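Here's the structure, in structure tokens; my notes come after.
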Amino acid sequence: MGAGAGTWRWLRGMLDAGEAETPFGRSLLQVRYRALQRQIPLLYMIALANALGFHLGEGLAVESLTHPINLLLLLVAARLVYWLRNRDRELPPEGILRELRRTLFLAALFSAAGGFWAVSLLFDNALQQQELLILFTSLGAIGCAYGLSSFPTAARMPLLLFAFPFSVALGFSPDPAHIGVGVSLMLITLLTLRLLGLQNKGFAALVQSRSAIEGERERARKAELTALAEKARVRRIADSDSLTGIANRRAFLAALEARLGASAGPAFAVALVDLDGFKPINDTFGHAAGDAVLIEVAARLRVEGGAGAFPARIGGDEFALIFPAGDEAAALKAGTRLCEALGRPYSIDGREFRLSACCGLVLRRPGEGDVTGALHCGDAALYDGKQKGRGCVALFTPELERATERRVAIERALRSAGVHREIELVFQPIFDLESGAIRTFEALARWEHPELGKIGPSEFIPITEQINVIEAISDTLLARAAAQAAAWPEAVHLSFNLSTVQLCSASSAAAILEIVGREGLAPERLEIEVTETALLADFETARLNLSALRRAGVRVVLDDFGAGFASISYLREMFFDAIKLDGSLVTGATASAAGVRLLKGVLDLCAAMNVPCVGEHIETAEQLALLRRLECRDGQGYALSPPLEAGAARRLAAARLMSFPTPASLAKSSRAA
């Protein structure tokens with residue numbers, strides 16, 4: 001290490017190579033070396049040309065090859081060949097220093113030898129044309145100094161060891177002309193030495209300036225690369241879902257827009273995926289477990305999608321996937337495989353969780369439609385898949401497109417100002433199956449649009465919930481129903497269905513009580529029907545609302561009991577004044593003995609909890625007889641009475657009793673048959 005450092009210091013002083021330890025010094029070495037690669041061949045050509053010119057002009061005989069001067073000229077020729085062959089060679093700073101040291105040594109050797117030879121010839125009385133010697137010696141010395149000008153230390157050698165001794169020797173010549181030439185050559189030598197110093201300073205300054213510029217460029221390039229890397233990192237963060245690591249909604253929309261906007265390319269499918277059963281996991285086991293499930297869902301999307309797919313998380317438990325698909329069959333196969341993968345058990349911290357996924361698919365080609373249209377079609381397919389059941393896949397088709405167009409038209413109509421006047425109310429009675437007395441009228445919405453025709457509640461109610469107009473419409477209908485019910489006998493109650501949105505709204509209980517109070521209907525005469533699906537959305541808020549209504553005297557009825565999977569837990573956690581059996585239990589009981597046993601089991605369960613039951617969808621006298629035999633207290637259905645307009649309902653309410661088939665009449669009809 002010490003020897004190496006000493007070499008650098010020696011070369012810095014002797015070679016005038018600059019601060020070789022610094023980046024600038026190394027850059028200066030590189031520039032000097034490249035200049036020498038271009039100039040030294042010219043230097044050796046000048047030396048050979050002047051030597052040969054002098055020999056030819058003087059007419060000197062070719063001496064022995066072993067003569068020192070000839071050996072020197074052969075060495076010059078060899079160095080000329082060496083530099084010509086290596087004029088494009090690249091060397092590291094250490095190699096350049098070795099080459100400069102060799103160049104300095106040879107410059108000193110050639111200059112000293114040439115100077116000695118020239119001076120000896122000058123005082124050789126046999127020399128006939130001393131003017132040629134003076135000419136070629138002066139030209140050679142100055143030319144060689146120029147050839148080495150990018151290396152000032154070496155460039156001084158021809159001047160100090162060749163031109164200077166020769167000019168001094170000319171001063172001792174008896175010929176006044178020679179003395180004058182010697183003085184002139186001396187002055188030119190001194191001037192050239194000074195110019196070499198000035199050139200070296202300018203040369204170093206130029207290299208330093210270039211080095212500084214290159215340094216600035218390099219710093220700017222690094223800064224630009226750093227900025228680009230940071231921009232890419234920020235973009236990755238902005239386009240990635242922080243939990244799962246896959247793309248977020250923003251990146252998904254951009255990717256979909258890019259594919260739809262392309263001029264050409266293969267067909268692809270857009271899959272919108274919605275998880276079923278995720279919320280209970282999140283609520284029961286905490287967000288950590290829910291997050292772990294979502295991370296695993298994203299991982300499965302990556303695997304099932306393959307290399308050409310683009311998975312994204314676009315909502316809480318909503319995901320999307322763009323993947324290649326040549327036709328409908330390929331898309332449906334991929335969608336089915338995807339739902340099956342997401343339906344496999346999830347093992348998190350020793351627990352096993354199960355959920356399912358519905359998938360809506362839409363096929364697209366580059367240049368076909370826009371992002372909004374593709375998502376709208378995907379949403380329609382997803383909605384259709386969810387309607388089919390858990391874990392189902394649906395593909396957007398022309399038939400579904402027509403249904404979607406109708407859905408859009410319904411949505412537009414529901415947003416119009418006059419929709420409240422278009423939606424009418426009918427009232428379907430609920431009877432005591434033993435006495436035939438009317439207990440309650442259930443208010444049902446009916447809508448006949450001037451252009452769309454009849455629109456059933458099962459069609460428009462879900463849309464009102466999704467576009468957040470359900471509360472305004474429901475409040476209007478409740479007020480009209482309460483106004484009608486206020487004119488009925490006090491023993492006849494009004495039953496009104498509460499939507500999921502209303503049930504999970506913190507202010508809904510107060511709003512309902514305010515409406516019925518304004519219309520003159522006592523809270524004790526109001527029954528609110530809720531479904532277990534609505535309770536599942538936000539159980540705690542629903543419980544608070546229903547508790548507030550019951551404290552005010554409102555009766556709470558659980559609707560569609562037996563259609564879901566958590567009904568028994570709701571019966572245990574919340575008190576209901578009555579339970580309406582899902583219509584499938586009634587229709588199924590007339591189809592098989594197993595259906596009868598199931599219906600009886602549900603009725604026995606409710607009886608054990610001392611909660612009266614209402615049988616829905618009684619369509620035949622046979623169903624009515626079965627419910628009576630199983631001691632179901634109340635019933636509702638077309639076999640008893642269809643929904644009635646307000647006037648007919650008012651007249652029936654005043655009569656209080658309804659004559660419908662009794663077991664005796666059924667038996668009589670059977671014997672007659």
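All residue names refer to the structure tokens as shown: chains lettered A, B, ... in order, residues numbered from 1 in each chain, ligands numbered from 1 in order.
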
- Would you mind listing what lies within 7 Å of Ser167 of chain A as an NGL selection string, with only C-alpha atoms counted and same-chain residues fewer than 3 positions away left out? :A and (163-164 or 170-171 or 182-183 or 185-186)

- At what distance in Å, to one decimal, does atom CA of Arg313 of chain A lie from atom CA of Glu257 of chain A? 16.5 Å

- Query: What lies within 9 Å of Glu422 of chain A using only C-alpha atoms, ignoring chain neighbours under 5 positions off, as a VMD selection string?
  - Reply: chain A and resid 446 to 450

- Message: Considering only C-alpha atoms, can you say which of A:Leu513, A:Val119, A:Ser209, A:Leu444 comes closest to Ser27 of chain A?
- Response: A:Ser209

- Item | Residue nearest Leu338 of chain A among A:Tyr383, A:Val362, A:Gly350, A:Gly305 (counting only C-alpha atoms) | A:Gly305
